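data-v1.txt (compact mmCIF, C-alpha atoms) appears below.
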```
# COMPACT_ATOMS: atom_id res chain seq x y z
CA MET A 1459 -43.22 -81.31 -126.10
CA LEU A 1460 -46.94 -80.88 -126.68
CA ALA A 1461 -48.84 -82.05 -129.76
CA SER A 1462 -52.48 -81.69 -130.77
CA THR A 1463 -54.33 -82.24 -134.04
CA GLU A 1464 -56.45 -79.67 -135.88
CA ARG A 1465 -57.72 -79.58 -139.47
CA LEU A 1466 -56.60 -77.27 -142.25
CA ASP A 1467 -58.99 -77.43 -145.22
CA GLY A 1468 -59.88 -80.99 -144.19
CA THR A 1469 -56.27 -82.13 -143.83
CA PRO A 1470 -54.92 -83.08 -140.39
CA LEU A 1471 -52.55 -80.44 -139.02
CA VAL A 1472 -50.55 -81.70 -136.05
CA VAL A 1473 -49.42 -78.66 -134.07
CA VAL A 1474 -46.26 -79.29 -132.06
CA THR A 1475 -44.72 -77.10 -129.37
CA GLY A 1476 -41.36 -77.46 -127.64
CA GLU A 1477 -38.52 -79.93 -128.16
CA ILE A 1478 -38.76 -83.16 -130.18
CA ASP A 1479 -36.01 -85.47 -128.92
CA HIS A 1480 -35.47 -89.14 -128.13
CA GLY A 1481 -37.57 -88.74 -124.98
CA SER A 1482 -40.60 -87.13 -126.63
CA SER A 1483 -40.62 -88.61 -130.14
CA SER A 1484 -42.90 -91.53 -129.22
CA ALA A 1485 -45.56 -89.07 -128.00
CA LEU A 1486 -45.42 -87.34 -131.39
CA GLN A 1487 -45.71 -90.67 -133.17
CA SER A 1488 -48.76 -91.57 -131.06
CA GLU A 1489 -50.37 -88.28 -132.16
CA ILE A 1490 -49.70 -88.96 -135.87
CA GLU A 1491 -50.47 -92.72 -135.87
CA PRO A 1492 -54.31 -92.37 -135.81
CA CYS A 1493 -54.12 -90.15 -138.94
CA LEU A 1494 -52.06 -92.82 -140.72
CA ASP A 1495 -54.31 -95.65 -139.53
CA GLY A 1496 -57.38 -93.63 -140.54
CA GLY A 1497 -56.17 -93.63 -144.15
CA GLU A 1498 -55.19 -89.98 -144.49
CA THR A 1499 -53.03 -89.44 -147.58
CA THR A 1500 -51.66 -86.06 -146.57
CA ILE A 1501 -50.60 -84.87 -143.12
CA LEU A 1502 -49.31 -81.46 -142.07
CA LEU A 1503 -47.05 -80.82 -139.12
CA ASP A 1504 -46.89 -77.28 -137.74
CA LEU A 1505 -43.33 -76.82 -136.42
CA LYS A 1506 -43.50 -73.05 -135.87
CA ASP A 1507 -43.09 -73.42 -132.11
CA VAL A 1508 -40.60 -76.29 -132.20
CA THR A 1509 -37.36 -74.95 -130.76
CA TYR A 1510 -35.30 -78.14 -130.99
CA MET A 1511 -35.30 -81.38 -132.97
CA ASP A 1512 -32.80 -84.22 -133.34
CA SER A 1513 -32.81 -87.71 -134.87
CA GLY A 1514 -35.55 -88.66 -132.38
CA GLY A 1515 -37.92 -86.33 -134.24
CA ILE A 1516 -36.45 -87.00 -137.66
CA SER A 1517 -37.15 -90.74 -137.24
CA VAL A 1518 -40.84 -89.94 -136.75
CA LEU A 1519 -40.85 -87.76 -139.89
CA LEU A 1520 -39.15 -90.49 -141.94
CA TYR A 1521 -41.55 -93.15 -140.66
CA THR A 1522 -44.55 -90.94 -141.51
CA VAL A 1523 -43.19 -90.16 -144.99
CA ARG A 1524 -42.71 -93.87 -145.69
CA ARG A 1525 -46.27 -94.72 -144.62
CA LEU A 1526 -47.79 -91.84 -146.63
CA ARG A 1527 -45.76 -92.58 -149.76
CA ARG A 1528 -47.46 -96.00 -150.03
CA GLY A 1529 -50.70 -94.15 -150.81
CA ASN A 1530 -48.92 -91.58 -153.00
CA GLY A 1531 -49.41 -89.03 -150.25
CA TRP A 1532 -47.00 -86.68 -148.54
CA LEU A 1533 -46.06 -85.10 -145.25
CA GLY A 1534 -45.81 -81.32 -145.15
CA VAL A 1535 -44.01 -79.42 -142.41
CA VAL A 1536 -45.06 -75.84 -141.80
CA SER A 1537 -42.79 -73.00 -140.58
CA PRO A 1538 -39.78 -74.94 -139.27
CA ASN A 1539 -37.11 -72.61 -137.86
CA THR A 1540 -33.86 -72.20 -139.78
CA ASN A 1541 -31.96 -74.71 -137.62
CA VAL A 1542 -34.60 -77.42 -137.93
CA ARG A 1543 -34.74 -76.75 -141.66
CA ARG A 1544 -30.98 -77.24 -141.89
CA LEU A 1545 -31.34 -80.69 -140.25
CA LEU A 1546 -34.06 -81.67 -142.75
CA LYS A 1547 -31.64 -80.79 -145.53
CA ILE A 1548 -28.74 -82.75 -143.98
CA VAL A 1549 -30.80 -85.95 -143.74
CA GLY A 1550 -32.09 -85.53 -147.31
CA LEU A 1551 -35.75 -85.05 -146.41
CA GLU A 1552 -36.01 -81.75 -148.30
CA VAL A 1553 -35.59 -83.53 -151.62
CA ASP A 1554 -37.84 -86.52 -150.80
CA SER A 1555 -40.88 -86.86 -153.08
CA GLY A 1556 -43.04 -87.67 -150.06
CA PHE A 1557 -42.05 -84.58 -148.14
CA ARG A 1558 -42.71 -80.84 -148.47
CA VAL A 1559 -41.72 -77.76 -146.52
CA PHE A 1560 -43.99 -74.70 -146.34
CA ASP A 1561 -43.01 -71.27 -145.06
CA ASP A 1562 -46.45 -70.70 -143.57
CA LYS A 1563 -49.94 -72.16 -143.13
CA GLU A 1564 -51.30 -70.17 -146.09
CA SER A 1565 -48.93 -71.79 -148.58
CA ALA A 1566 -49.70 -75.23 -147.09
CA ALA A 1567 -53.43 -74.55 -147.50
CA THR A 1568 -52.87 -73.49 -151.13
CA ALA A 1569 -51.03 -76.76 -151.86
CA ILE A 1570 -53.86 -78.76 -150.25
CA ARG A 1571 -56.48 -76.95 -152.34
CA GLU A 1572 -54.50 -77.44 -155.55
CA MET A 1573 -54.28 -81.14 -154.77
CA SER A 1574 -58.06 -81.53 -154.40
CA THR A 1575 -58.78 -79.60 -157.61
CA PRO A 1576 -59.29 -82.14 -160.39
CA MET B 1331 -19.24 -81.11 -116.29
CA ILE B 1332 -22.65 -82.67 -115.87
CA SER B 1333 -23.38 -86.22 -114.80
CA VAL B 1334 -26.83 -87.70 -115.40
CA ALA B 1335 -28.60 -91.05 -115.15
CA PRO B 1336 -28.85 -92.79 -118.57
CA GLU B 1337 -32.56 -92.02 -119.09
CA PRO B 1338 -34.23 -90.28 -122.08
CA ILE B 1339 -35.84 -87.70 -119.80
CA ARG B 1340 -32.40 -86.47 -118.69
CA LEU B 1341 -31.36 -85.52 -122.25
CA ALA B 1342 -33.09 -82.16 -121.76
CA ASP B 1343 -30.83 -81.50 -118.73
CA VAL B 1344 -27.78 -82.23 -120.86
CA ARG B 1345 -29.03 -79.76 -123.49
CA ARG B 1346 -29.49 -77.04 -120.88
CA PHE B 1347 -25.86 -77.62 -119.86
CA VAL B 1348 -24.72 -77.32 -123.51
CA GLU B 1349 -26.83 -74.18 -123.92
CA GLU B 1350 -25.35 -72.53 -120.81
CA THR B 1351 -21.81 -73.49 -121.76
CA GLY B 1352 -22.29 -72.21 -125.31
CA ALA B 1353 -23.74 -68.92 -124.05
CA GLU B 1354 -20.79 -68.49 -121.68
CA ALA B 1355 -18.45 -69.01 -124.63
CA GLN B 1356 -20.50 -66.39 -126.54
CA LEU B 1357 -21.34 -68.75 -129.39
CA ASP B 1358 -24.13 -67.79 -131.79
CA THR B 1359 -27.48 -69.58 -131.53
CA ASP B 1360 -26.83 -71.70 -134.68
CA LYS B 1361 -23.64 -73.13 -133.22
CA ILE B 1362 -25.35 -73.77 -129.88
CA PHE B 1363 -28.16 -75.60 -131.71
CA ASP B 1364 -25.63 -77.78 -133.58
CA LEU B 1365 -23.80 -78.61 -130.34
CA LYS B 1366 -27.08 -79.48 -128.62
CA VAL B 1367 -28.02 -81.90 -131.42
CA ALA B 1368 -24.56 -83.51 -131.62
CA VAL B 1369 -24.22 -83.95 -127.83
CA SER B 1370 -27.81 -85.28 -127.62
CA GLU B 1371 -27.13 -87.84 -130.34
CA ALA B 1372 -24.06 -89.10 -128.48
CA CYS B 1373 -26.02 -89.26 -125.21
CA ALA B 1374 -29.10 -90.87 -126.79
CA ASN B 1375 -26.93 -93.73 -127.96
CA ALA B 1376 -25.55 -94.24 -124.47
CA VAL B 1377 -29.07 -94.13 -123.01
CA GLU B 1378 -30.36 -96.64 -125.53
CA HIS B 1379 -27.60 -99.10 -124.77
CA SER B 1380 -27.35 -98.64 -121.04
CA GLY B 1381 -29.24 -101.94 -120.79
CA GLY B 1382 -30.87 -101.02 -117.50
CA GLN B 1383 -27.48 -100.27 -115.93
CA HIS B 1384 -27.35 -97.11 -113.93
CA ALA B 1385 -23.77 -96.03 -114.47
CA PRO B 1386 -24.05 -92.28 -115.02
CA LEU B 1387 -23.44 -90.54 -118.29
CA GLN B 1388 -20.81 -87.83 -118.07
CA VAL B 1389 -20.63 -84.78 -120.31
CA CYS B 1390 -17.56 -82.54 -119.99
CA ALA B 1391 -17.04 -79.21 -121.78
CA PHE B 1392 -13.62 -77.71 -122.60
CA LEU B 1393 -13.14 -74.26 -124.04
CA TYR B 1394 -9.92 -73.54 -125.95
CA SER B 1395 -8.83 -70.41 -127.82
CA ASP B 1396 -9.89 -71.85 -131.18
CA ARG B 1397 -12.52 -74.49 -130.36
CA ILE B 1398 -15.11 -75.81 -127.95
CA VAL B 1399 -15.03 -79.51 -127.09
CA PHE B 1400 -17.66 -81.76 -125.52
CA GLU B 1401 -16.73 -85.23 -124.31
CA ILE B 1402 -19.45 -87.75 -123.57
CA SER B 1403 -18.50 -90.90 -121.64
CA ASP B 1404 -20.69 -93.79 -120.53
CA GLY B 1405 -20.15 -96.88 -118.45
CA GLY B 1406 -21.99 -99.27 -120.78
CA ASP B 1407 -20.61 -101.54 -123.47
CA PHE B 1408 -18.70 -99.91 -126.31
CA ARG B 1409 -20.95 -98.93 -129.21
CA VAL B 1410 -20.38 -96.72 -132.22
CA PRO B 1411 -23.08 -94.05 -131.74
CA GLY B 1412 -25.93 -93.94 -134.19
CA VAL B 1413 -25.29 -97.25 -135.86
CA PRO B 1414 -28.50 -99.32 -135.88
CA HIS B 1415 -28.60 -102.44 -133.73
CA ARG B 1416 -31.44 -104.55 -135.12
CA SER B 1417 -34.06 -102.11 -133.98
CA PRO B 1418 -37.59 -102.56 -135.36
CA ARG B 1419 -37.43 -98.92 -136.47
CA ASP B 1420 -34.74 -98.60 -139.10
CA ASP B 1421 -33.96 -94.89 -138.71
CA ARG B 1422 -31.50 -95.30 -135.87
CA GLY B 1423 -28.53 -94.76 -138.14
CA LEU B 1424 -28.89 -90.97 -138.17
CA GLY B 1425 -26.96 -90.13 -135.02
CA LEU B 1426 -23.45 -90.49 -136.37
CA PRO B 1427 -24.09 -88.77 -139.76
CA LEU B 1428 -25.69 -85.84 -137.92
CA MET B 1429 -22.73 -85.51 -135.53
CA VAL B 1430 -20.29 -85.60 -138.45
CA ALA B 1431 -22.33 -83.09 -140.47
CA LEU B 1432 -22.71 -80.61 -137.62
CA MET B 1433 -19.31 -80.81 -135.90
CA ASP B 1434 -15.79 -80.04 -137.17
CA GLU B 1435 -14.30 -83.12 -135.53
CA VAL B 1436 -15.83 -86.34 -134.15
CA ARG B 1437 -13.74 -88.98 -132.40
CA ILE B 1438 -15.03 -92.19 -130.88
CA ALA B 1439 -12.94 -94.28 -128.51
CA LYS B 1440 -13.26 -97.08 -125.95
CA THR B 1441 -12.78 -96.08 -122.34
CA ARG B 1442 -10.58 -98.17 -120.06
CA GLY B 1443 -13.71 -99.63 -118.50
CA GLY B 1444 -15.03 -100.73 -121.90
CA GLY B 1445 -17.54 -97.90 -122.27
CA THR B 1446 -17.73 -95.36 -125.07
CA ASN B 1447 -16.12 -91.92 -125.21
CA VAL B 1448 -17.33 -89.50 -127.87
CA HIS B 1449 -15.27 -86.37 -128.50
CA LEU B 1450 -17.08 -83.56 -130.37
CA SER B 1451 -15.20 -80.47 -131.43
CA LEU B 1452 -16.41 -77.24 -133.04
CA PHE B 1453 -14.15 -74.42 -134.24
CA LEU B 1454 -14.98 -71.01 -132.84
```

Written as structure tokens, that's how I'd like the structure from this file.
Amino acid sequence: MLASTERLDGTPLVVVTGEIDHGSSSALQSEIEPCLDGGETTILLDLKDVTYMDSGGISVLLYTVRRLRRGNGWLGVVSPNTNVRRLLKIVGLEVDSGFRVFDDKESAATAIREMSTP
Amino acid sequence: MISVAPEPIRLADVRRFVEETGAEAQLDTDKIFDLKVAVSEACANAVEHSGGQHAPLQVCAFLYSDRIVFEISDGGDFRVPGVPHRSPRDDRGLGLPLMVALMDEVRIAKTRGGGTNVHLSLFL
């Protein structure tokens, strides 16, 4: 797994590649942690090139959602594949108020812009 | 059959084994994905509770006319997979629900040596 952080309209976009499992989840958490500690209210996670995820990865998503919800923020995942999306549904993340799924970067950017419009 | 050391880094090797077995059985990619997650969850539990012991983790595959079965056995102490054990992170309870949601049958038993045997079955 590889993870690096970019910005999309000012919001951190953590781009992940490969497999997020019990062996690699702590590396993903280390990538997200500075955004949380820095007071970001919204974080995006680009999962387009994530081929595999299990409860190792889901734990990191749940932890991030919990931290962001305290500040009324949310975590958005972008372009998860159909299998990863199915897992998000099974664990109930899809209906969590602190979690959103976007089909692509454009729709994520639209949501970010709508949020910053008073 | 694949036998690996109980270390997180070896989970990827187990998944390659599941992938190859699933491809040989001509399963579709969705079923292979589900098997990879379920087998990984069973193995991750064994890795987490190996307690520094080095007894290998064994994963066996069986193909029948109507189903594919994976059996995961470890040499550690018996644990129900995916049930949290006072971990500082409280999301460790996802393993078992995921296995049950993705598989058609999940059985958990003690081995003679006191370890854990997880039986995962998926209809073809």

Select all residues from chain B having any atom no more than 12 Å from an atom of chain A (counting only C-alpha atoms, ignoring ligands), output as a VMD selection string.
-> chain B and resid 1336 to 1346 1349 1358 to 1378 1412 1418 to 1432

Spatial neighbours of Leu1387 in chain B, max dist 6 Å, all atoms listed in the file, sep filter under 3 positions, as an MDAnalysis selection string | chainID B and resid 1333:1334 1336 1403:1404

Residue nearest Asn1530 in chain A among A:Leu1466, A:Met1573, A:Leu1486, A:Val1472 (counting only C-alpha atoms) |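 Between A:Leu1466, A:Met1573, A:Leu1486, A:Val1472, the residue approaching Asn1530 in chain A most closely is A:Met1573.
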
Atom-to-atom span, CA of Ser1537 in chain A and CA of Glu1552 in chain A, Å |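 Computed distance, CA of Ser1537 in chain A to CA of Glu1552 in chain A, equals 13.5 Å.
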
Which centre and edge lengths in Å to one decimal define the box along x, y and z that fits every listed atom of range 1341-1357 of chain B plus 8 Å per side, as AutoDock Vina command-line options?
```
--center_x -25.8 --center_y -76.0 --center_z -124.1 --size_x 30.6 --size_y 35.1 --size_z 26.7
```

Skip Phe1392 in chain B itself and residues of its chain fewer than 5 positions away, then list as a list in words all residues within 12 Å of it, counting all atoms listed in the file.
-> Met1331, Val1348, Thr1351, Gly1352, Glu1354, Ala1355, Arg1397, Ile1398, Val1399, Phe1400, Glu1401, Ile1402, His1449, Leu1450, Ser1451 and Leu1452 of chain B

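From CA of Gly1531 in chain A back to CA of Glu1464 in chain A, the distance works out to 18.5 Å.
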
List the neighbours of range 1496-1499 of chain A out to 12 Å using all atoms listed in the file; skip same-chain residues closer than 3 positions along the sequence, and give me the result as JSON, numbers by chain.
-> {"A": [1465, 1468, 1469, 1470, 1471, 1490, 1491, 1492, 1493, 1502, 1522, 1523, 1524, 1525, 1526, 1527, 1528, 1529, 1530, 1531, 1532, 1533, 1534, 1556, 1570, 1573, 1574]}

Distance CA of Asp1504 in chain A-CA of Val1473 in chain A, one decimal place?
->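 Taking CA of Asp1504 in chain A as the start and CA of Val1473 in chain A as the end point, the length is 4.7 Å.
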